[in-house]
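Colleague: Sharing a structure below in structure tokens format, with a few things to ask.
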There are 2 protein chains.
Amino acid sequence: MTDDLVLRRQVCFALYAASRALTDVYRPILDEVGLTYPQYLVLLVLWERPDDAPTVSELGAELRLDSGTLSPLLKRLEGAGLVVRRRSARDERRVEVGLTEQGRSLREQLCDVPLRIAQATGLGLGELVALRDTLTRVTDTIHRQKEQ
Amino acid sequence: MTDDLVLRRQVCFALYAASRALTDVYRPILDEVGLTYPQYLVLLVLWERPDDAPTVSELGAELRLDSGTLSPLLKRLEGAGLVVRRRSARDERRVEVGLTEQGRSLREQLCDVPLRIAQATGLGLGELVALRDTLTRVTDTIHRQKEQ
DNA sequence: GCCCGATAAGTTGTGCACAACTTAATTGTG
DNA sequence: CACAATTAAGTTGTGCACAACTTATCGGGC
């Protein structure tokens with residue numbers, strides 16, 4: 001019982017370490033275009049629906065990040081000329097986030113990134129899909145518990 | 001090809017989201033004893049070898065964190081009375097990190113934490129072990145590539 | 001029409017992570 | 001022995017995450 005408290009036995013440490021290791025793989029790749037990993041995640045959401053201009057809250061719901069994280073991040077993306085923010089006409093509380101032409105065009109430059117990352121993991125395609133699905137299940141389980 | 005760039009398909013996002021979700025489970029538990037999750041990880045290493053007093057570098061090698069992260073974190077743990085730092089006698093560059101009595105006694109208070117976390121994931125024991133081993137393999141693969 | 005609770009985004013403060021740098025001690029080589 | 005290269009820890013600066021709070025807008029009930 002007492003030696004359950006050992007670092008290498010903990011799933012959470014494995015998760016924490018793997019997450020940081022993968023971010024290390026992303027860093028040099030994203031550095032070339034001046035992005036951080038969370039900024040890249042925001043762009044992924046925007047690229048999925050290029051004509052949508054989601055609000056800050058909608059972005060936050062996808063990425064599970066709050067305005068405390070997103071507001072300064074989006075300000076930096078706007079400063080880099082990749083994104084525009086505008087108050088919604090019919091609800092002045094909302095801020096819609098849209099891609100600039102420059103932000104749109106970044107997508108092609110980065111389309112081979114997922115493949116390069118997948119290769120760095122050393123896992124086969126089947127293992128990757130299984131891993132992703134297991135992790136997604138864990139995340140959903142935890143979030144469902146939170147809400148109740 | 002182009003729709004590989006979709007958030008929900010990316011293993012890395014699943015990893016990033018799961019890691020943050022699990023930290024969310026830890027937070028209220030560790031809050032009760034005034035710890036953050038990375039501080040808890042440092043204590044895990046110290047609890048494994050209570051008479052060892054590893055150096056900052058040795059802690060960093062276990063957790064893959066550098067002195068830029070560990071120095072202020074250890075200063076806070078010392079401020080909380082859980083840890084002591086002392087310069088090594090035979091190598092004045094090194095700083096050895098040891099547990100205080102208070103830091104040692106925290107272990108018993110937290111020994112049921114891994115079980116509570118495991119339950120929150122909703123996975124069975126076999127799945128947890130498999131997940132941990134896959135993640136550890138990915139982390140090791142990435143780090144081996146870095147070194148070459 | 002007015003107010004009250006709810007909602008949206010932003011701000012402030014704390015604590016990681018990590019890069020780049022500084023300071024100090026040690027080791028290896030001539 | 002001298003001294004250059006290395007190593008260890010700490011510092012500084014940037015960018016997340018997240019809690020707690022503020023400001024502004026909106027909507028429903030009266």
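Every chain in the structure tokens has a letter given in the order shown (A, B, ...), and although residue numbers restart at 1 in each chain, ligands are simply numbered from 1 in the order shown.
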Using only C-alpha atoms (C1' of nucleotides), determine which residues of chain A fall within 8 Å of chain C; present them as a list in words.
Modeller: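 Output check: Val56, Ser57, Ser67, Gly68, Ser71, Arg93, Arg94 and Val95 of chain A.
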Colleague: Taking C-alpha atoms for each residue, export the selection above as a CSV table (one decimal), in the first residue's frame.
Modeller:
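part-v3.csv, written as the output of this step:
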chain,number,residue,atom,x,y,z
A,56,VAL,CA,-13.9,33.7,-26.8
A,57,SER,CA,-16.2,31.5,-24.8
A,67,SER,CA,-10.8,34.0,-20.5
A,68,GLY,CA,-8.0,34.5,-18.0
A,71,SER,CA,-7.6,37.0,-23.4
A,93,ARG,CA,-20.5,41.4,-24.4
A,94,ARG,CA,-19.2,38.8,-27.0
A,95,VAL,CA,-15.9,39.1,-28.8
Colleague: After a least-squares superposition on chain A over all sequentially paired C-alpha atoms, what is chain B as a compact mmCIF listing (two decimals) with C-alpha atoms, in the first residue's frame?
Modeller:
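What landed in out.txt:
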# COMPACT_ATOMS: atom_id res chain seq x y z
CA MET B 1 0.00 -0.09 -0.07
CA THR B 2 2.50 2.50 1.08
CA ASP B 3 4.70 2.03 -1.97
CA ASP B 4 1.91 3.09 -4.28
CA LEU B 5 3.38 6.50 -3.58
CA VAL B 6 6.20 5.94 -6.03
CA LEU B 7 6.74 8.35 -8.88
CA ARG B 8 7.20 5.82 -11.67
CA ARG B 9 4.00 4.01 -10.71
CA GLN B 10 1.79 7.03 -11.05
CA VAL B 11 -0.24 7.39 -14.22
CA CYS B 12 -0.44 11.11 -13.58
CA PHE B 13 3.29 11.56 -13.68
CA ALA B 14 3.45 9.55 -16.91
CA LEU B 15 0.78 11.84 -18.32
CA TYR B 16 2.46 15.01 -17.11
CA ALA B 17 5.86 13.89 -18.43
CA ALA B 18 4.51 12.74 -21.80
CA SER B 19 2.58 15.96 -22.28
CA ARG B 20 5.68 18.06 -21.65
CA ALA B 21 7.83 15.80 -23.80
CA LEU B 22 5.47 16.17 -26.75
CA THR B 23 5.39 19.93 -26.28
CA ASP B 24 9.18 19.78 -26.52
CA VAL B 25 8.79 18.20 -29.95
CA TYR B 26 6.40 20.94 -31.03
CA ARG B 27 8.52 23.82 -29.76
CA PRO B 28 11.25 23.97 -32.44
CA ILE B 29 8.67 23.38 -35.18
CA LEU B 30 6.32 26.11 -33.99
CA ASP B 31 9.20 28.44 -33.16
CA GLU B 32 9.87 28.76 -36.88
CA VAL B 33 6.52 30.48 -37.34
CA GLY B 34 6.62 32.29 -34.00
CA LEU B 35 3.85 30.29 -32.31
CA THR B 36 3.55 28.65 -28.90
CA TYR B 37 1.74 25.36 -28.52
CA PRO B 38 -1.46 26.83 -26.96
CA GLN B 39 -1.53 29.47 -29.70
CA TYR B 40 -1.31 26.65 -32.25
CA LEU B 41 -4.29 24.96 -30.58
CA VAL B 42 -6.36 28.12 -30.93
CA LEU B 43 -5.49 28.30 -34.62
CA LEU B 44 -6.46 24.64 -35.05
CA VAL B 45 -9.96 25.49 -33.84
CA LEU B 46 -10.19 28.50 -36.14
CA TRP B 47 -8.91 26.56 -39.14
CA GLU B 48 -11.64 23.97 -38.62
CA ARG B 49 -14.34 26.55 -39.36
CA PRO B 50 -12.79 29.40 -41.30
CA ASP B 51 -16.00 31.36 -41.78
CA ASP B 52 -17.31 31.02 -38.26
CA ALA B 53 -15.47 33.52 -36.06
CA PRO B 54 -16.23 31.83 -32.72
CA THR B 55 -16.44 33.86 -29.54
CA VAL B 56 -13.84 33.71 -26.78
CA SER B 57 -16.20 31.49 -24.77
CA GLU B 58 -16.71 29.08 -27.65
CA LEU B 59 -12.95 28.77 -28.10
CA GLY B 60 -12.69 28.20 -24.37
CA ALA B 61 -15.28 25.44 -24.49
CA GLU B 62 -13.32 23.60 -27.19
CA LEU B 63 -9.97 23.95 -25.48
CA ARG B 64 -11.23 24.02 -21.89
CA LEU B 65 -9.46 27.29 -21.20
CA ASP B 66 -10.99 30.33 -19.54
CA SER B 67 -10.82 33.98 -20.49
CA GLY B 68 -8.00 34.49 -18.02
CA THR B 69 -5.83 32.36 -20.27
CA LEU B 70 -7.37 33.17 -23.65
CA SER B 71 -7.62 36.96 -23.42
CA PRO B 72 -3.89 37.67 -23.26
CA LEU B 73 -3.12 34.80 -25.66
CA LEU B 74 -5.55 36.19 -28.26
CA LYS B 75 -4.12 39.65 -27.76
CA ARG B 76 -0.70 38.24 -28.69
CA LEU B 77 -2.11 36.40 -31.73
CA GLU B 78 -3.75 39.66 -32.80
CA GLY B 79 -0.47 41.51 -32.27
CA ALA B 80 1.19 38.94 -34.56
CA GLY B 81 -1.39 39.71 -37.23
CA LEU B 82 -2.90 36.22 -37.33
CA VAL B 83 -6.26 36.98 -35.78
CA VAL B 84 -8.80 39.80 -35.41
CA ARG B 85 -11.12 40.41 -32.47
CA ARG B 86 -14.36 42.34 -32.83
CA ARG B 87 -17.31 42.93 -30.51
CA SER B 88 -20.45 41.16 -31.67
CA ALA B 89 -23.03 43.54 -33.14
CA ARG B 90 -26.06 41.98 -31.50
CA ASP B 91 -24.43 41.16 -28.14
CA GLU B 92 -21.84 43.68 -27.11
CA ARG B 93 -20.53 41.35 -24.41
CA ARG B 94 -19.23 38.84 -26.93
CA VAL B 95 -15.95 39.10 -28.78
CA GLU B 96 -15.68 37.20 -32.05
CA VAL B 97 -12.30 35.86 -33.09
CA GLY B 98 -11.61 35.60 -36.82
CA LEU B 99 -8.61 34.65 -38.93
CA THR B 100 -6.69 37.20 -40.96
CA GLU B 101 -5.41 36.25 -44.39
CA GLN B 102 -2.03 35.70 -42.79
CA GLY B 103 -3.54 33.45 -40.13
CA ARG B 104 -5.40 31.49 -42.80
CA SER B 105 -2.30 30.99 -44.90
CA LEU B 106 -0.31 29.61 -41.99
CA ARG B 107 -2.36 26.45 -42.21
CA GLU B 108 -0.62 25.17 -45.32
CA GLN B 109 2.79 25.78 -43.80
CA LEU B 110 1.89 23.57 -40.85
CA CYS B 111 -0.09 20.79 -42.49
CA ASP B 112 2.69 18.24 -42.14
CA VAL B 113 3.10 18.90 -38.41
CA PRO B 114 0.77 16.12 -37.15
CA LEU B 115 2.70 13.54 -39.15
CA ARG B 116 6.03 14.73 -37.78
CA ILE B 117 4.66 14.61 -34.24
CA ALA B 118 3.18 11.15 -34.73
CA GLN B 119 6.56 9.89 -35.91
CA ALA B 120 8.30 11.35 -32.87
CA THR B 121 6.13 9.29 -30.53
CA GLY B 122 7.46 6.06 -32.02
CA LEU B 123 3.94 4.57 -31.91
CA GLY B 124 2.10 2.98 -34.80
CA LEU B 125 -1.08 4.51 -36.17
CA GLY B 126 -3.27 1.98 -34.36
CA GLU B 127 -1.56 2.60 -31.04
CA LEU B 128 -1.88 6.35 -31.50
CA VAL B 129 -5.60 6.14 -32.14
CA ALA B 130 -6.08 3.83 -29.17
CA LEU B 131 -4.05 6.13 -26.93
CA ARG B 132 -6.00 9.18 -28.07
CA ASP B 133 -9.31 7.47 -27.44
CA THR B 134 -8.31 6.29 -23.98
CA LEU B 135 -7.13 9.76 -23.03
CA THR B 136 -10.29 11.36 -24.40
CA ARG B 137 -12.36 8.91 -22.36
CA VAL B 138 -10.43 9.80 -19.19
CA THR B 139 -10.85 13.53 -19.82
CA ASP B 140 -14.57 13.16 -20.49
CA THR B 141 -15.05 11.02 -17.39
CA ILE B 142 -13.38 13.62 -15.20
CA HIS B 143 -15.34 16.49 -16.69
CA ARG B 144 -18.63 14.68 -16.33
CA GLN B 145 -17.88 14.19 -12.63
CA LYS B 146 -17.05 17.87 -12.22
CA GLU B 147 -20.39 18.94 -13.58
CA GLN B 148 -22.37 16.93 -11.08
Colleague: Near chain A, meaning an atom within 9 Å, which residues of chain D appear when counting only C-alpha atoms (C1' of nucleotides)? Write them as number ranges by chain.
Modeller: D: 15-18, 24-26
Colleague: Pick out each residue of chain B that DSSP on the backbone tags as helix (DSSP H, G or I); I need them as a CSV table (one decimal) with N, CA and C atoms, in the first residue's frame.
Modeller:
chain,number,residue,atom,x,y,z
B,2,THR,N,-5.5,17.2,-45.5
B,2,THR,CA,-5.7,18.5,-44.9
B,2,THR,C,-6.5,18.5,-43.6
B,3,ASP,N,-7.4,17.5,-43.5
B,3,ASP,CA,-8.2,17.5,-42.3
B,3,ASP,C,-7.6,16.6,-41.2
B,4,ASP,N,-6.3,16.3,-41.3
B,4,ASP,CA,-5.6,15.8,-40.1
B,4,ASP,C,-5.4,17.0,-39.1
B,7,LEU,N,-8.6,19.4,-34.3
B,7,LEU,CA,-8.3,19.3,-32.9
B,7,LEU,C,-8.5,17.9,-32.3
B,8,ARG,N,-9.7,17.4,-32.5
B,8,ARG,CA,-10.1,16.2,-31.8
B,8,ARG,C,-9.3,15.0,-32.3
B,9,ARG,N,-8.7,15.1,-33.5
B,9,ARG,CA,-7.9,14.0,-34.0
B,9,ARG,C,-6.5,13.9,-33.4
B,11,VAL,N,-3.5,13.5,-31.1
B,11,VAL,CA,-3.1,12.8,-29.8
B,11,VAL,C,-2.6,13.9,-28.8
B,12,CYS,N,-1.9,14.9,-29.3
B,12,CYS,CA,-1.3,15.8,-28.4
B,12,CYS,C,-2.3,16.6,-27.7
B,13,PHE,N,-3.4,17.0,-28.3
B,13,PHE,CA,-4.4,17.7,-27.6
B,13,PHE,C,-5.1,16.8,-26.6
B,14,ALA,N,-5.3,15.5,-26.9
B,14,ALA,CA,-5.8,14.6,-25.9
B,14,ALA,C,-4.9,14.5,-24.7
B,15,LEU,N,-3.6,14.5,-25.0
B,15,LEU,CA,-2.7,14.4,-23.9
B,15,LEU,C,-2.7,15.6,-23.0
B,16,TYR,N,-2.7,16.7,-23.7
B,16,TYR,CA,-2.7,18.0,-23.0
B,16,TYR,C,-4.0,18.2,-22.2
B,17,ALA,N,-5.1,17.8,-22.8
B,17,ALA,CA,-6.4,18.0,-22.1
B,17,ALA,C,-6.5,17.0,-20.9
B,18,ALA,N,-6.0,15.8,-21.1
B,18,ALA,CA,-6.1,14.8,-20.0
B,18,ALA,C,-5.2,15.1,-18.9
B,19,SER,N,-4.0,15.7,-19.2
B,19,SER,CA,-3.1,16.1,-18.2
B,19,SER,C,-3.6,17.2,-17.3
B,20,ARG,N,-4.3,18.2,-17.9
B,20,ARG,CA,-4.9,19.2,-17.2
B,20,ARG,C,-6.1,18.8,-16.4
B,21,ALA,N,-6.8,17.9,-17.0
B,21,ALA,CA,-8.0,17.3,-16.3
B,21,ALA,C,-7.6,16.6,-15.0
B,22,LEU,N,-6.6,15.8,-15.1
B,22,LEU,CA,-6.1,15.1,-13.9
B,22,LEU,C,-5.6,16.0,-12.9
B,23,THR,N,-4.9,17.0,-13.3
B,23,THR,CA,-4.4,18.0,-12.3
B,23,THR,C,-5.6,18.7,-11.6
B,24,ASP,N,-6.7,18.9,-12.3
B,24,ASP,CA,-7.9,19.4,-11.7
B,24,ASP,C,-8.4,18.5,-10.6
B,25,VAL,N,-8.2,17.2,-10.8
B,25,VAL,CA,-8.7,16.3,-9.7
B,25,VAL,C,-7.7,16.4,-8.5
B,26,TYR,N,-6.5,16.6,-8.8
B,26,TYR,CA,-5.5,16.7,-7.7
B,26,TYR,C,-5.7,18.0,-6.9
B,27,ARG,N,-6.1,19.1,-7.6
B,27,ARG,CA,-6.0,20.4,-7.0
B,27,ARG,C,-6.8,20.5,-5.6
B,28,PRO,N,-8.1,20.1,-5.6
B,28,PRO,CA,-8.7,20.2,-4.3
B,28,PRO,C,-8.1,19.3,-3.2
B,29,ILE,N,-7.6,18.2,-3.6
B,29,ILE,CA,-7.0,17.2,-2.6
B,29,ILE,C,-5.8,17.8,-2.1
B,30,LEU,N,-4.9,18.4,-2.9
B,30,LEU,CA,-3.6,18.9,-2.5
B,30,LEU,C,-3.8,20.3,-1.8
B,31,ASP,N,-4.8,21.0,-2.2
B,31,ASP,CA,-5.1,22.3,-1.6
B,31,ASP,C,-5.3,22.1,-0.1
B,37,TYR,N,0.6,20.6,-7.5
B,37,TYR,CA,0.9,19.3,-8.1
B,37,TYR,C,2.4,19.1,-8.3
B,38,PRO,N,3.1,20.1,-8.9
B,38,PRO,CA,4.6,19.9,-9.0
B,38,PRO,C,5.3,19.8,-7.7
B,39,GLN,N,4.8,20.5,-6.7
B,39,GLN,CA,5.4,20.3,-5.3
B,39,GLN,C,5.2,18.9,-4.8
B,40,TYR,N,4.0,18.4,-5.0
B,40,TYR,CA,3.7,17.0,-4.6
B,40,TYR,C,4.6,16.0,-5.3
B,41,LEU,N,4.9,16.3,-6.6
B,41,LEU,CA,5.9,15.4,-7.3
B,41,LEU,C,7.2,15.4,-6.7
B,42,VAL,N,7.7,16.6,-6.3
B,42,VAL,CA,9.0,16.7,-5.6
B,42,VAL,C,9.0,15.9,-4.3
B,43,LEU,N,7.9,16.0,-3.6
B,43,LEU,CA,7.8,15.2,-2.3
B,43,LEU,C,7.8,13.7,-2.6
B,44,LEU,N,7.1,13.3,-3.7
B,44,LEU,CA,7.1,11.9,-4.0
B,44,LEU,C,8.5,11.3,-4.2
B,45,VAL,N,9.4,12.1,-4.9
B,45,VAL,CA,10.8,11.7,-5.0
B,45,VAL,C,11.5,11.6,-3.7
B,46,LEU,N,11.3,12.6,-2.9
B,46,LEU,CA,11.9,12.6,-1.6
B,46,LEU,C,11.4,11.5,-0.7
B,47,TRP,N,10.1,11.2,-0.7
B,47,TRP,CA,9.6,10.1,0.1
B,47,TRP,C,10.1,8.7,-0.3
B,48,GLU,N,10.5,8.6,-1.6
B,48,GLU,CA,11.0,7.3,-2.1
B,48,GLU,C,12.3,7.0,-1.4
B,56,VAL,N,19.6,19.2,-6.2
B,56,VAL,CA,18.6,19.8,-7.1
B,56,VAL,C,18.7,19.2,-8.5
B,57,SER,N,19.9,18.9,-9.0
B,57,SER,CA,20.0,18.3,-10.3
B,57,SER,C,19.4,16.9,-10.3
B,58,GLU,N,19.6,16.1,-9.2
B,58,GLU,CA,19.1,14.8,-9.2
B,58,GLU,C,17.6,14.8,-9.2
B,59,LEU,N,17.0,15.7,-8.5
B,59,LEU,CA,15.6,15.9,-8.5
B,59,LEU,C,15.1,16.2,-9.9
B,60,GLY,N,15.9,17.1,-10.5
B,60,GLY,CA,15.6,17.5,-11.9
B,60,GLY,C,15.6,16.4,-12.9
B,61,ALA,N,16.6,15.5,-12.7
B,61,ALA,CA,16.7,14.4,-13.6
B,61,ALA,C,15.5,13.4,-13.5
B,62,GLU,N,15.0,13.2,-12.3
B,62,GLU,CA,13.8,12.4,-12.1
B,62,GLU,C,12.6,13.0,-12.7
B,63,LEU,N,12.4,14.3,-12.5
B,63,LEU,CA,11.2,15.0,-12.9
B,63,LEU,C,11.3,15.7,-14.2
B,67,SER,N,16.7,23.8,-13.1
B,67,SER,CA,16.8,24.6,-11.9
B,67,SER,C,15.9,25.9,-11.9
B,68,GLY,N,15.7,26.3,-13.1
B,68,GLY,CA,14.8,27.5,-13.3
B,68,GLY,C,13.4,27.3,-12.7
B,69,THR,N,13.0,26.0,-12.8
B,69,THR,CA,11.7,25.7,-12.3
B,69,THR,C,11.8,25.2,-10.8
B,70,LEU,N,12.9,24.4,-10.5
B,70,LEU,CA,13.0,23.8,-9.2
B,70,LEU,C,13.4,24.8,-8.1
B,71,SER,N,14.3,25.7,-8.4
B,71,SER,CA,14.8,26.6,-7.4
B,71,SER,C,13.7,27.4,-6.7
B,72,PRO,N,12.9,28.1,-7.4
B,72,PRO,CA,11.8,28.8,-6.7
B,72,PRO,C,10.8,27.9,-6.0
B,73,LEU,N,10.5,26.7,-6.7
B,73,LEU,CA,9.6,25.7,-6.1
B,73,LEU,C,10.1,25.2,-4.8
B,74,LEU,N,11.4,24.9,-4.7
B,74,LEU,CA,12.0,24.4,-3.5
B,74,LEU,C,12.1,25.4,-2.4
B,75,LYS,N,12.3,26.7,-2.9
B,75,LYS,CA,12.3,27.8,-1.9
B,75,LYS,C,10.9,27.9,-1.2
B,76,ARG,N,9.8,27.7,-2.0
B,76,ARG,CA,8.5,27.7,-1.4
B,76,ARG,C,8.2,26.5,-0.5
B,77,LEU,N,8.7,25.3,-0.9
B,77,LEU,CA,8.6,24.1,0.0
B,77,LEU,C,9.3,24.3,1.3
B,78,GLU,N,10.5,25.0,1.2
B,78,GLU,CA,11.3,25.3,2.4
B,78,GLU,C,10.5,26.3,3.3
B,79,GLY,N,10.0,27.3,2.6
B,79,GLY,CA,9.2,28.3,3.3
B,79,GLY,C,8.0,27.7,4.1
B,101,GLU,N,10.8,16.9,9.5
B,101,GLU,CA,9.9,15.9,10.1
B,101,GLU,C,8.4,16.1,9.6
B,102,GLN,N,8.1,17.4,9.4
B,102,GLN,CA,6.8,17.8,8.9
B,102,GLN,C,6.6,17.3,7.5
B,103,GLY,N,7.6,17.4,6.6
B,103,GLY,CA,7.5,16.9,5.3
B,103,GLY,C,7.4,15.4,5.2
B,104,ARG,N,8.1,14.7,6.1
B,104,ARG,CA,8.1,13.3,6.2
B,104,ARG,C,6.6,12.8,6.6
B,105,SER,N,6.1,13.5,7.6
B,105,SER,CA,4.8,13.1,8.1
B,105,SER,C,3.6,13.3,7.2
B,106,LEU,N,3.8,14.2,6.2
B,106,LEU,CA,2.8,14.4,5.2
B,106,LEU,C,2.5,13.2,4.4
B,107,ARG,N,3.4,12.3,4.3
B,107,ARG,CA,3.3,11.1,3.5
B,107,ARG,C,2.1,10.3,3.9
B,108,GLU,N,1.9,10.1,5.2
B,108,GLU,CA,0.8,9.3,5.6
B,108,GLU,C,-0.6,9.9,5.3
B,109,GLN,N,-0.6,11.3,5.4
B,109,GLN,CA,-1.8,12.0,5.1
B,109,GLN,C,-2.3,11.8,3.7
B,113,VAL,N,-4.1,9.0,-1.8
B,113,VAL,CA,-4.3,9.9,-3.0
B,113,VAL,C,-4.3,9.1,-4.3
B,114,PRO,N,-3.3,8.2,-4.6
B,114,PRO,CA,-3.2,7.5,-5.8
B,114,PRO,C,-4.5,6.8,-6.1
B,115,LEU,N,-5.1,6.2,-5.1
B,115,LEU,CA,-6.3,5.4,-5.3
B,115,LEU,C,-7.5,6.3,-5.7
B,116,ARG,N,-7.6,7.5,-5.0
B,116,ARG,CA,-8.6,8.4,-5.4
B,116,ARG,C,-8.5,8.9,-6.8
B,117,ILE,N,-7.2,9.1,-7.2
B,117,ILE,CA,-7.0,9.6,-8.6
B,117,ILE,C,-7.4,8.5,-9.6
B,118,ALA,N,-6.9,7.3,-9.3
B,118,ALA,CA,-7.2,6.2,-10.2
B,118,ALA,C,-8.7,6.0,-10.4
B,119,GLN,N,-9.5,6.2,-9.3
B,119,GLN,CA,-10.9,6.0,-9.4
B,119,GLN,C,-11.5,7.1,-10.3
B,120,ALA,N,-10.9,8.3,-10.2
B,120,ALA,CA,-11.5,9.5,-11.0
B,120,ALA,C,-11.3,9.3,-12.5
B,121,THR,N,-10.3,8.5,-12.9
B,121,THR,CA,-10.1,8.3,-14.3
B,121,THR,C,-11.2,7.4,-14.9
B,125,LEU,N,-7.8,-1.2,-13.4
B,125,LEU,CA,-6.4,-1.3,-13.1
B,125,LEU,C,-5.5,-1.7,-14.3
B,126,GLY,N,-6.0,-2.6,-15.0
B,126,GLY,CA,-5.2,-3.1,-16.2
B,126,GLY,C,-5.1,-2.0,-17.2
B,127,GLU,N,-6.1,-1.3,-17.5
B,127,GLU,CA,-6.1,-0.2,-18.4
B,127,GLU,C,-5.1,0.9,-17.9
B,128,LEU,N,-5.1,1.2,-16.6
B,128,LEU,CA,-4.3,2.2,-16.1
B,128,LEU,C,-2.8,1.9,-16.3
B,129,VAL,N,-2.5,0.6,-16.0
B,129,VAL,CA,-1.1,0.2,-16.1
B,129,VAL,C,-0.7,0.2,-17.6
B,130,ALA,N,-1.6,-0.2,-18.5
B,130,ALA,CA,-1.3,-0.2,-19.9
B,130,ALA,C,-1.1,1.3,-20.4
B,131,LEU,N,-1.9,2.2,-19.9
B,131,LEU,CA,-1.8,3.6,-20.3
B,131,LEU,C,-0.5,4.1,-19.8
B,132,ARG,N,-0.2,3.9,-18.6
B,132,ARG,CA,1.1,4.4,-18.0
B,132,ARG,C,2.3,3.9,-18.8
B,133,ASP,N,2.2,2.6,-19.2
B,133,ASP,CA,3.4,2.1,-19.9
B,133,ASP,C,3.5,2.6,-21.3
B,134,THR,N,2.4,2.8,-21.9
B,134,THR,CA,2.4,3.5,-23.3
B,134,THR,C,3.0,4.9,-23.2
B,135,LEU,N,2.5,5.6,-22.2
B,135,LEU,CA,3.0,7.0,-22.1
B,135,LEU,C,4.4,7.1,-21.7
B,136,THR,N,4.9,6.2,-20.9
B,136,THR,CA,6.3,6.1,-20.5
B,136,THR,C,7.1,5.8,-21.7
B,137,ARG,N,6.7,4.9,-22.5
B,137,ARG,CA,7.4,4.5,-23.8
B,137,ARG,C,7.5,5.8,-24.7
B,138,VAL,N,6.4,6.5,-24.8
B,138,VAL,CA,6.4,7.7,-25.7
B,138,VAL,C,7.4,8.7,-25.2
B,139,THR,N,7.4,8.9,-23.9
B,139,THR,CA,8.3,9.9,-23.2
B,139,THR,C,9.7,9.5,-23.5
B,140,ASP,N,10.0,8.2,-23.2
B,140,ASP,CA,11.4,7.7,-23.4
B,140,ASP,C,11.9,7.8,-24.8
B,141,THR,N,11.0,7.5,-25.7
B,141,THR,CA,11.3,7.6,-27.2
B,141,THR,C,11.7,9.0,-27.5
B,142,ILE,N,10.9,10.0,-27.1
B,142,ILE,CA,11.2,11.4,-27.4
B,142,ILE,C,12.5,11.8,-26.8
B,143,HIS,N,12.8,11.4,-25.6
B,143,HIS,CA,14.0,11.9,-24.9
B,143,HIS,C,15.2,11.2,-25.5
B,144,ARG,N,15.1,10.0,-25.9
B,144,ARG,CA,16.2,9.3,-26.6
B,144,ARG,C,16.6,10.0,-27.9
B,145,GLN,N,15.5,10.5,-28.6
B,145,GLN,CA,15.8,11.3,-29.8
B,145,GLN,C,16.5,12.6,-29.6
B,146,LYS,N,16.1,13.2,-28.5
B,146,LYS,CA,16.7,14.5,-28.1
B,146,LYS,C,18.2,14.4,-27.9
B,147,GLU,N,18.6,13.3,-27.3
B,147,GLU,CA,19.9,13.2,-26.9
B,147,GLU,C,20.9,12.9,-28.0
Colleague: Looking only at strand (DSSP E) from DSSP on the backbone, list the matching residues of region 56-134 of chain A as a PyMOL selection string.
Modeller: chain A and resi 83-87+95-99
Colleague: For the selection just defined, write its residues with C-alpha atoms to a file, as an mmCIF file, in the first residue's frame.
Modeller:
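Saved file selection29.cif follows:
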data_model
loop_
_atom_site.group_PDB
_atom_site.id
_atom_site.type_symbol
_atom_site.label_atom_id
_atom_site.label_comp_id
_atom_site.auth_asym_id
_atom_site.auth_seq_id
_atom_site.Cartn_x
_atom_site.Cartn_y
_atom_site.Cartn_z
ATOM 1 C CA VAL A 83 -6.262 36.981 -35.774
ATOM 2 C CA VAL A 84 -8.781 39.795 -35.418
ATOM 3 C CA ARG A 85 -11.109 40.421 -32.496
ATOM 4 C CA ARG A 86 -14.355 42.347 -32.841
ATOM 5 C CA ARG A 87 -17.285 42.928 -30.536
ATOM 6 C CA VAL A 95 -15.948 39.100 -28.800
ATOM 7 C CA GLU A 96 -15.671 37.196 -32.059
ATOM 8 C CA VAL A 97 -12.304 35.873 -33.106
ATOM 9 C CA GLY A 98 -11.599 35.596 -36.820
ATOM 10 C CA LEU A 99 -8.594 34.653 -38.927
#
